[in-house]
Structures are given as structure tokens and as C-alpha cells.
Amino acid sequence: MVKALILEDIGKLTVKEAPMPEAQEGQLLLKVLSCGICRTDIKMWQQGQRDLVLPRILGHEICAIDQPTGHKYVVWPGNSCDKCNMCRSGRENLCPEIKVQGFHYDGGFTEFITTSP
């Protein structure tokens, strides 16, 4: 188990225990060193966001370390399709299929995350 700051409902953040994430094939398990709080996180806490499904561990501006190797990462929070015109033109942030850590799946306001290298 890990400690996490979980947005349980609009306006309700709770620090509680959450399951330790498990890296799937092709992913890394990283220890979070820091996670920034941006205006988007505040907006989700105050009023939600169209893609937000609760409960959710927010946080998408993450610095983390791979403990076995000591390699440090600034985590890119978006997972795009790599196939659409936007992705192929280098504008994957505009991909219609993008999934963002801290929005679509749990983010960095916790002790450990999984991510693709």
C-alpha cells in the first residue's frame, strides 16, 4: 500500500492508503520525487473536468526515480495514439485519443506511479 492524495468528490481531497501500482509489460514503476500542483489540478478539485472520473489521484507534472537503476525522469503525462495526423505531425498533445495521467488514470500525488519509458 502507498499513501495518496485522492480527489474523492468535487471539493473533497483525502490522504489515504491506495494499492501499490503494478507495472505492466513495457512500463516502469517509479518513486515520485515531486509533483507540481497546477491550475488544472485546482480546477478539477473545485469543479471537475469533462474527462475526470472520480475517485482519482490527481497530478500530472511529475519527477520520479527508478529506484533499481537510480535513473531520474520528468514524466510525460500524455499517452497518445501515435497514429493520427496530430501525432504524426509532432502535435501529440492534440491527439483526439490522448489519455493523461492525473485525468484519465491516476497521477503523481502518491508515492509510486507506473509509466512508459
# chains A, B, ... in the order shown; residues from 1 in each chain; ligands from 1
$ residues_around --residues "Ser116 (chain A)" --least-positions-apart "2" --cutoff "9 Å" --atoms "only C-alpha atoms" --output "NGL selection string"
:A and (26-28 or 75-76 or 79 or 114)
$ select_by_dssp --residues "region 43-83 of chain A" --states "alpha helix (DSSP H)" --output "PyMOL selection string"
chain A and resi 43-47
$ residues_around --residues "region 16-21 of chain A" --least-positions-apart "4" --cutoff "9 Å" --atoms "only C-alpha atoms" --output "list in words"
Met1, Val2, Lys3, Ala4, Leu5, Ile6, Leu29, Thr110, Glu111, Phe112, Ile113 and Thr114 of chain A
$ write_last_selection --atoms "C-alpha atoms" --output "PDB file, in the first residue's frame"
ATOM      1  CA  MET A   1       0.000   0.000   0.000  1.00  0.00           C
ATOM      2  CA  VAL A   2       1.040   3.613  -0.630  1.00  0.00           C
ATOM      3  CA  LYS A   3      -0.202   6.942   0.653  1.00  0.00           C
ATOM      4  CA  ALA A   4      -2.057   9.044  -1.896  1.00  0.00           C
ATOM      5  CA  LEU A   5      -3.959  12.313  -2.063  1.00  0.00           C
ATOM      6  CA  ILE A   6      -7.253  11.251  -3.613  1.00  0.00           C
ATOM      7  CA  LEU A  29       7.473   1.523 -11.541  1.00  0.00           C
ATOM      8  CA  THR A 110       1.151   9.479  -4.402  1.00  0.00           C
ATOM      9  CA  GLU A 111       4.373   7.671  -3.572  1.00  0.00           C
ATOM     10  CA  PHE A 112       4.726   5.466  -6.680  1.00  0.00           C
ATOM     11  CA  ILE A 113       3.448   5.587 -10.258  1.00  0.00           C
ATOM     12  CA  THR A 114       3.746   3.477 -13.370  1.00  0.00           C
TER      13      THR A 114
END
$ residues_around --residues "Asp82 (chain A)" --least-positions-apart "6" --cutoff "9 Å" --atoms "only C-alpha atoms" --output "number ranges by chain"
A: 88, 92, 95
$ write_last_selection --atoms "N, CA, C and O atoms" --output "PDB file, in the first residue's frame"
ATOM      1  N   ARG A  88       1.404  12.184 -35.819  1.00  0.00           N
ATOM      2  CA  ARG A  88       2.425  12.052 -36.858  1.00  0.00           C
ATOM      3  C   ARG A  88       3.064  13.377 -37.226  1.00  0.00           C
ATOM      4  O   ARG A  88       4.165  13.402 -37.757  1.00  0.00           O
ATOM      5  N   GLU A  92       1.273  15.586 -30.610  1.00  0.00           N
ATOM      6  CA  GLU A  92       0.546  14.536 -29.899  1.00  0.00           C
ATOM      7  C   GLU A  92      -0.306  15.080 -28.762  1.00  0.00           C
ATOM      8  O   GLU A  92      -1.253  14.435 -28.335  1.00  0.00           O
ATOM      9  N   CYS A  95      -3.847  15.014 -29.879  1.00  0.00           N
ATOM     10  CA  CYS A  95      -4.395  13.726 -30.294  1.00  0.00           C
ATOM     11  C   CYS A  95      -5.801  13.557 -29.724  1.00  0.00           C
ATOM     12  O   CYS A  95      -6.024  13.745 -28.520  1.00  0.00           O
TER      13      CYS A  95
END
$ residues_around --residues "region 39-52 of chain A" --least-positions-apart "3" --cutoff "12 Å" --atoms "only C-alpha atoms" --output "short mmCIF file (atom, residue, chain, number, x, y, z; two decimals) with N, CA and C atoms, in the first residue's frame"
data_model
loop_
_atom_site.label_atom_id
_atom_site.label_comp_id
_atom_site.auth_asym_id
_atom_site.auth_seq_id
_atom_site.Cartn_x
_atom_site.Cartn_y
_atom_site.Cartn_z
N LEU A 5 -2.98 11.25 -2.21
CA LEU A 5 -3.96 12.31 -2.06
C LEU A 5 -5.02 12.07 -3.13
N ILE A 6 -6.21 11.69 -2.69
CA ILE A 6 -7.25 11.25 -3.61
C ILE A 6 -8.38 12.27 -3.65
N LEU A 7 -8.74 12.68 -4.87
CA LEU A 7 -9.93 13.51 -5.05
C LEU A 7 -11.11 12.56 -5.07
N GLU A 8 -11.87 12.54 -3.97
CA GLU A 8 -12.99 11.61 -3.84
C GLU A 8 -14.28 12.18 -4.42
N ASP A 9 -14.41 13.49 -4.35
CA ASP A 9 -15.58 14.19 -4.89
C ASP A 9 -15.15 15.63 -5.10
N ILE A 10 -15.91 16.39 -5.84
CA ILE A 10 -15.58 17.79 -6.07
C ILE A 10 -15.45 18.47 -4.71
N GLY A 11 -14.29 19.09 -4.48
CA GLY A 11 -14.02 19.78 -3.24
C GLY A 11 -13.57 18.90 -2.09
N LYS A 12 -13.42 17.60 -2.31
CA LYS A 12 -13.07 16.69 -1.22
C LYS A 12 -11.81 15.89 -1.57
N LEU A 13 -10.69 16.32 -1.00
CA LEU A 13 -9.42 15.62 -1.12
C LEU A 13 -9.14 14.90 0.19
N THR A 14 -8.66 13.66 0.10
CA THR A 14 -8.37 12.86 1.29
C THR A 14 -7.03 12.14 1.11
N CYS A 35 5.74 16.39 -7.34
CA CYS A 35 4.65 16.55 -8.29
C CYS A 35 4.09 17.95 -8.12
N GLY A 36 4.13 18.72 -9.19
CA GLY A 36 3.63 20.09 -9.14
C GLY A 36 2.11 20.14 -9.07
N PRO A 55 -13.29 8.25 -7.95
CA PRO A 55 -12.15 8.95 -7.33
C PRO A 55 -10.93 8.92 -8.24
N ARG A 56 -10.04 9.89 -8.04
CA ARG A 56 -8.85 9.99 -8.88
C ARG A 56 -7.69 10.55 -8.07
N ILE A 57 -6.51 10.00 -8.28
CA ILE A 57 -5.28 10.60 -7.77
C ILE A 57 -4.83 11.59 -8.84
N LEU A 58 -4.88 12.88 -8.50
CA LEU A 58 -4.52 13.92 -9.45
C LEU A 58 -3.00 14.02 -9.59
N GLY A 59 -2.55 14.96 -10.39
CA GLY A 59 -1.13 15.25 -10.54
C GLY A 59 -0.54 14.73 -11.83
N HIS A 60 -0.13 15.66 -12.69
CA HIS A 60 0.44 15.26 -13.98
C HIS A 60 1.77 15.94 -14.28
N GLU A 61 2.34 16.66 -13.32
CA GLU A 61 3.64 17.30 -13.51
C GLU A 61 4.61 16.62 -12.52
N GLU A 97 -7.30 10.92 -29.10
CA GLU A 97 -7.35 9.71 -28.27
C GLU A 97 -6.44 9.80 -27.04
N ILE A 98 -5.82 10.95 -26.82
CA ILE A 98 -4.84 11.06 -25.73
C ILE A 98 -5.47 10.76 -24.37
N LYS A 99 -4.71 10.07 -23.54
CA LYS A 99 -5.09 9.79 -22.16
C LYS A 99 -4.00 10.40 -21.28
N VAL A 100 -4.41 11.17 -20.29
CA VAL A 100 -3.47 11.94 -19.49
C VAL A 100 -3.46 11.46 -18.05
N GLN A 101 -2.25 11.24 -17.55
CA GLN A 101 -2.07 10.83 -16.16
C GLN A 101 -2.59 11.95 -15.25
N GLY A 102 -3.36 11.54 -14.24
CA GLY A 102 -3.97 12.51 -13.34
C GLY A 102 -5.35 12.96 -13.79
N PHE A 103 -5.75 12.58 -15.01
CA PHE A 103 -7.10 12.86 -15.53
C PHE A 103 -7.81 11.53 -15.79
N HIS A 104 -7.26 10.80 -16.76
CA HIS A 104 -7.87 9.55 -17.21
C HIS A 104 -7.44 8.35 -16.36
N TYR A 105 -6.28 8.44 -15.77
CA TYR A 105 -5.78 7.41 -14.86
C TYR A 105 -4.96 8.11 -13.78
N ASP A 106 -4.67 7.39 -12.70
CA ASP A 106 -4.09 8.02 -11.52
C ASP A 106 -2.75 8.68 -11.79
N GLY A 107 -2.55 9.81 -11.08
CA GLY A 107 -1.38 10.64 -11.27
C GLY A 107 -0.38 10.60 -10.14
N GLY A 108 0.34 11.70 -9.97
CA GLY A 108 1.52 11.76 -9.14
C GLY A 108 1.37 12.20 -7.70
N PHE A 109 0.15 12.44 -7.22
CA PHE A 109 0.00 12.80 -5.81
C PHE A 109 -0.04 11.54 -4.96
#
$ atom_distance --atom1 "CA of Val74 (chain A)" --atom2 "CA of Leu54 (chain A)"
25.4 Å
$ closest_residue --among "A:Val53, A:Ile62, A:Met86, A:Glu22" --to "Ser34 (chain A)" --atoms "only C-alpha atoms"
A:Ile62
$ residues_around --residues "Gly90 (chain A)" --least-positions-apart "6" --cutoff "12 Å" --atoms "only C-alpha atoms" --output "PyMOL selection string"
chain A and resi 80-84
$ write_last_selection --atoms "N, CA and C atoms" --output "CSV table (one decimal), in the first residue's frame"
chain,number,residue,atom,x,y,z
A,80,SER,N,-0.6,9.1,-26.2
A,80,SER,CA,-1.3,9.4,-27.4
A,80,SER,C,-1.3,8.1,-28.3
A,81,CYS,N,-2.1,8.2,-29.4
A,81,CYS,CA,-2.2,7.0,-30.2
A,81,CYS,C,-1.0,6.8,-31.1
A,82,ASP,N,-0.2,7.8,-31.4
A,82,ASP,CA,0.9,7.7,-32.4
A,82,ASP,C,0.5,7.4,-33.8
A,83,LYS,N,-0.8,7.5,-34.1
A,83,LYS,CA,-1.2,7.1,-35.5
A,83,LYS,C,-1.9,8.2,-36.2
A,84,CYS,N,-2.6,9.1,-35.5
A,84,CYS,CA,-3.4,10.1,-36.1
A,84,CYS,C,-2.5,11.2,-36.7
$ select_by_dssp --residues "region 6-113 of chain A" --states "strand (DSSP E or B)" --output "PyMOL selection string"
chain A and resi 6-9+12-18+28-36+56-57+61-66+71-75+78-79+99-101+105+110+112-113
$ decode --residues "region 69-82 of chain A" --atoms "all heavy atoms" --output "PDB file, in the first residue's frame"
ATOM      1  N   THR A  69      17.685   1.460 -10.770  1.00  0.00           N
ATOM      2  CA  THR A  69      18.753   1.999 -11.614  1.00  0.00           C
ATOM      3  C   THR A  69      19.245   3.364 -11.164  1.00  0.00           C
ATOM      4  O   THR A  69      20.343   3.785 -11.546  1.00  0.00           O
ATOM      5  CB  THR A  69      18.285   2.139 -13.078  1.00  0.00           C
ATOM      6  OG1 THR A  69      17.267   3.146 -13.140  1.00  0.00           O
ATOM      7  CG2 THR A  69      17.784   0.824 -13.629  1.00  0.00           C
ATOM      8  N   GLY A  70      18.434   4.085 -10.388  1.00  0.00           N
ATOM      9  CA  GLY A  70      18.776   5.444  -9.990  1.00  0.00           C
ATOM     10  C   GLY A  70      18.508   6.476 -11.064  1.00  0.00           C
ATOM     11  O   GLY A  70      18.775   7.660 -10.886  1.00  0.00           O
ATOM     12  N   HIS A  71      17.941   6.038 -12.206  1.00  0.00           N
ATOM     13  CA  HIS A  71      17.652   6.966 -13.296  1.00  0.00           C
ATOM     14  C   HIS A  71      16.455   7.842 -12.914  1.00  0.00           C
ATOM     15  O   HIS A  71      15.430   7.333 -12.478  1.00  0.00           O
ATOM     16  CB  HIS A  71      17.357   6.202 -14.591  1.00  0.00           C
ATOM     17  CG  HIS A  71      17.238   7.087 -15.783  1.00  0.00           C
ATOM     18  ND1 HIS A  71      18.326   7.457 -16.529  1.00  0.00           N
ATOM     19  CD2 HIS A  71      16.174   7.708 -16.325  1.00  0.00           C
ATOM     20  CE1 HIS A  71      17.929   8.262 -17.501  1.00  0.00           C
ATOM     21  NE2 HIS A  71      16.625   8.420 -17.394  1.00  0.00           N
ATOM     22  N   LYS A  72      16.604   9.150 -13.097  1.00  0.00           N
ATOM     23  CA  LYS A  72      15.534  10.096 -12.782  1.00  0.00           C
ATOM     24  C   LYS A  72      14.791  10.484 -14.054  1.00  0.00           C
ATOM     25  O   LYS A  72      15.389  10.582 -15.137  1.00  0.00           O
ATOM     26  CB  LYS A  72      16.100  11.328 -12.094  1.00  0.00           C
ATOM     27  CG  LYS A  72      16.684  11.005 -10.727  1.00  0.00           C
ATOM     28  CD  LYS A  72      17.267  12.232 -10.077  1.00  0.00           C
ATOM     29  CE  LYS A  72      17.863  11.852  -8.725  1.00  0.00           C
ATOM     30  NZ  LYS A  72      18.585  12.967  -8.126  1.00  0.00           N
ATOM     31  N   TYR A  73      13.487  10.714 -13.896  1.00  0.00           N
ATOM     32  CA  TYR A  73      12.621  11.031 -15.030  1.00  0.00           C
ATOM     33  C   TYR A  73      11.777  12.258 -14.739  1.00  0.00           C
ATOM     34  O   TYR A  73      11.304  12.447 -13.612  1.00  0.00           O
ATOM     35  CB  TYR A  73      11.645   9.883 -15.307  1.00  0.00           C
ATOM     36  CG  TYR A  73      12.280   8.626 -15.825  1.00  0.00           C
ATOM     37  CD1 TYR A  73      12.781   7.664 -14.952  1.00  0.00           C
ATOM     38  CD2 TYR A  73      12.376   8.390 -17.186  1.00  0.00           C
ATOM     39  CE1 TYR A  73      13.355   6.506 -15.428  1.00  0.00           C
ATOM     40  CE2 TYR A  73      12.959   7.227 -17.670  1.00  0.00           C
ATOM     41  CZ  TYR A  73      13.446   6.293 -16.784  1.00  0.00           C
ATOM     42  OH  TYR A  73      14.017   5.147 -17.255  1.00  0.00           O
ATOM     43  N   VAL A  74      11.568  13.074 -15.763  1.00  0.00           N
ATOM     44  CA  VAL A  74      10.467  14.027 -15.797  1.00  0.00           C
ATOM     45  C   VAL A  74       9.420  13.322 -16.645  1.00  0.00           C
ATOM     46  O   VAL A  74       9.649  13.014 -17.813  1.00  0.00           O
ATOM     47  CB  VAL A  74      10.877  15.374 -16.430  1.00  0.00           C
ATOM     48  CG1 VAL A  74       9.672  16.291 -16.556  1.00  0.00           C
ATOM     49  CG2 VAL A  74      11.982  16.027 -15.616  1.00  0.00           C
ATOM     50  N   VAL A  75       8.290  13.012 -16.047  1.00  0.00           N
ATOM     51  CA  VAL A  75       7.303  12.135 -16.685  1.00  0.00           C
ATOM     52  C   VAL A  75       6.442  12.923 -17.661  1.00  0.00           C
ATOM     53  O   VAL A  75       5.864  13.954 -17.312  1.00  0.00           O
ATOM     54  CB  VAL A  75       6.424  11.457 -15.606  1.00  0.00           C
ATOM     55  CG1 VAL A  75       5.338  10.611 -16.249  1.00  0.00           C
ATOM     56  CG2 VAL A  75       7.285  10.609 -14.681  1.00  0.00           C
ATOM     57  N   TRP A  76       6.384  12.444 -18.901  1.00  0.00           N
ATOM     58  CA  TRP A  76       5.447  12.992 -19.883  1.00  0.00           C
ATOM     59  C   TRP A  76       4.092  12.357 -19.584  1.00  0.00           C
ATOM     60  O   TRP A  76       3.952  11.141 -19.678  1.00  0.00           O
ATOM     61  CB  TRP A  76       5.897  12.663 -21.309  1.00  0.00           C
ATOM     62  CG  TRP A  76       4.915  13.073 -22.353  1.00  0.00           C
ATOM     63  CD1 TRP A  76       4.111  12.251 -23.089  1.00  0.00           C
ATOM     64  CD2 TRP A  76       4.596  14.401 -22.760  1.00  0.00           C
ATOM     65  NE1 TRP A  76       3.319  12.990 -23.936  1.00  0.00           N
ATOM     66  CE2 TRP A  76       3.588  14.314 -23.753  1.00  0.00           C
ATOM     67  CE3 TRP A  76       5.043  15.653 -22.383  1.00  0.00           C
ATOM     68  CZ2 TRP A  76       3.048  15.438 -24.371  1.00  0.00           C
ATOM     69  CZ3 TRP A  76       4.507  16.771 -22.992  1.00  0.00           C
ATOM     70  CH2 TRP A  76       3.524  16.653 -23.981  1.00  0.00           C
ATOM     71  N   PRO A  77       3.078  13.146 -19.201  1.00  0.00           N
ATOM     72  CA  PRO A  77       1.834  12.564 -18.697  1.00  0.00           C
ATOM     73  C   PRO A  77       0.868  12.069 -19.763  1.00  0.00           C
ATOM     74  O   PRO A  77      -0.091  11.378 -19.443  1.00  0.00           O
ATOM     75  CB  PRO A  77       1.213  13.702 -17.901  1.00  0.00           C
ATOM     76  CG  PRO A  77       1.679  14.931 -18.621  1.00  0.00           C
ATOM     77  CD  PRO A  77       3.079  14.603 -19.076  1.00  0.00           C
ATOM     78  N   GLY A  78       1.108  12.398 -21.024  1.00  0.00           N
ATOM     79  CA  GLY A  78       0.156  12.036 -22.068  1.00  0.00           C
ATOM     80  C   GLY A  78       0.523  10.758 -22.785  1.00  0.00           C
ATOM     81  O   GLY A  78       1.683  10.537 -23.117  1.00  0.00           O
ATOM     82  N   ASN A  79      -0.461   9.916 -23.002  1.00  0.00           N
ATOM     83  CA  ASN A  79      -0.298   8.718 -23.819  1.00  0.00           C
ATOM     84  C   ASN A  79      -1.192   8.872 -25.031  1.00  0.00           C
ATOM     85  O   ASN A  79      -2.406   8.748 -24.940  1.00  0.00           O
ATOM     86  CB  ASN A  79      -0.671   7.455 -23.029  1.00  0.00           C
ATOM     87  CG  ASN A  79       0.359   7.139 -21.977  1.00  0.00           C
ATOM     88  OD1 ASN A  79       1.540   7.081 -22.276  1.00  0.00           O
ATOM     89  ND2 ASN A  79      -0.080   6.977 -20.745  1.00  0.00           N
ATOM     90  N   SER A  80      -0.578   9.145 -26.167  1.00  0.00           N
ATOM     91  CA  SER A  80      -1.325   9.383 -27.397  1.00  0.00           C
ATOM     92  C   SER A  80      -1.298   8.146 -28.290  1.00  0.00           C
ATOM     93  O   SER A  80      -0.589   7.186 -28.012  1.00  0.00           O
ATOM     94  CB  SER A  80      -0.741  10.594 -28.124  1.00  0.00           C
ATOM     95  OG  SER A  80       0.646  10.427 -28.311  1.00  0.00           O
ATOM     96  N   CYS A  81      -2.054   8.193 -29.375  1.00  0.00           N
ATOM     97  CA  CYS A  81      -2.213   7.013 -30.234  1.00  0.00           C
ATOM     98  C   CYS A  81      -1.015   6.762 -31.149  1.00  0.00           C
ATOM     99  O   CYS A  81      -0.808   5.650 -31.613  1.00  0.00           O
ATOM    100  CB  CYS A  81      -3.488   7.136 -31.051  1.00  0.00           C
ATOM    101  SG  CYS A  81      -3.386   8.284 -32.453  1.00  0.00           S
ATOM    102  N   ASP A  82      -0.237   7.787 -31.450  1.00  0.00           N
ATOM    103  CA  ASP A  82       0.918   7.721 -32.356  1.00  0.00           C
ATOM    104  C   ASP A  82       0.539   7.407 -33.803  1.00  0.00           C
ATOM    105  O   ASP A  82       1.406   7.105 -34.611  1.00  0.00           O
ATOM    106  CB  ASP A  82       1.960   6.702 -31.878  1.00  0.00           C
ATOM    107  CG  ASP A  82       2.590   7.081 -30.560  1.00  0.00           C
ATOM    108  OD1 ASP A  82       2.756   8.292 -30.308  1.00  0.00           O
ATOM    109  OD2 ASP A  82       2.905   6.176 -29.767  1.00  0.00           O
TER     110      ASP A  82
END
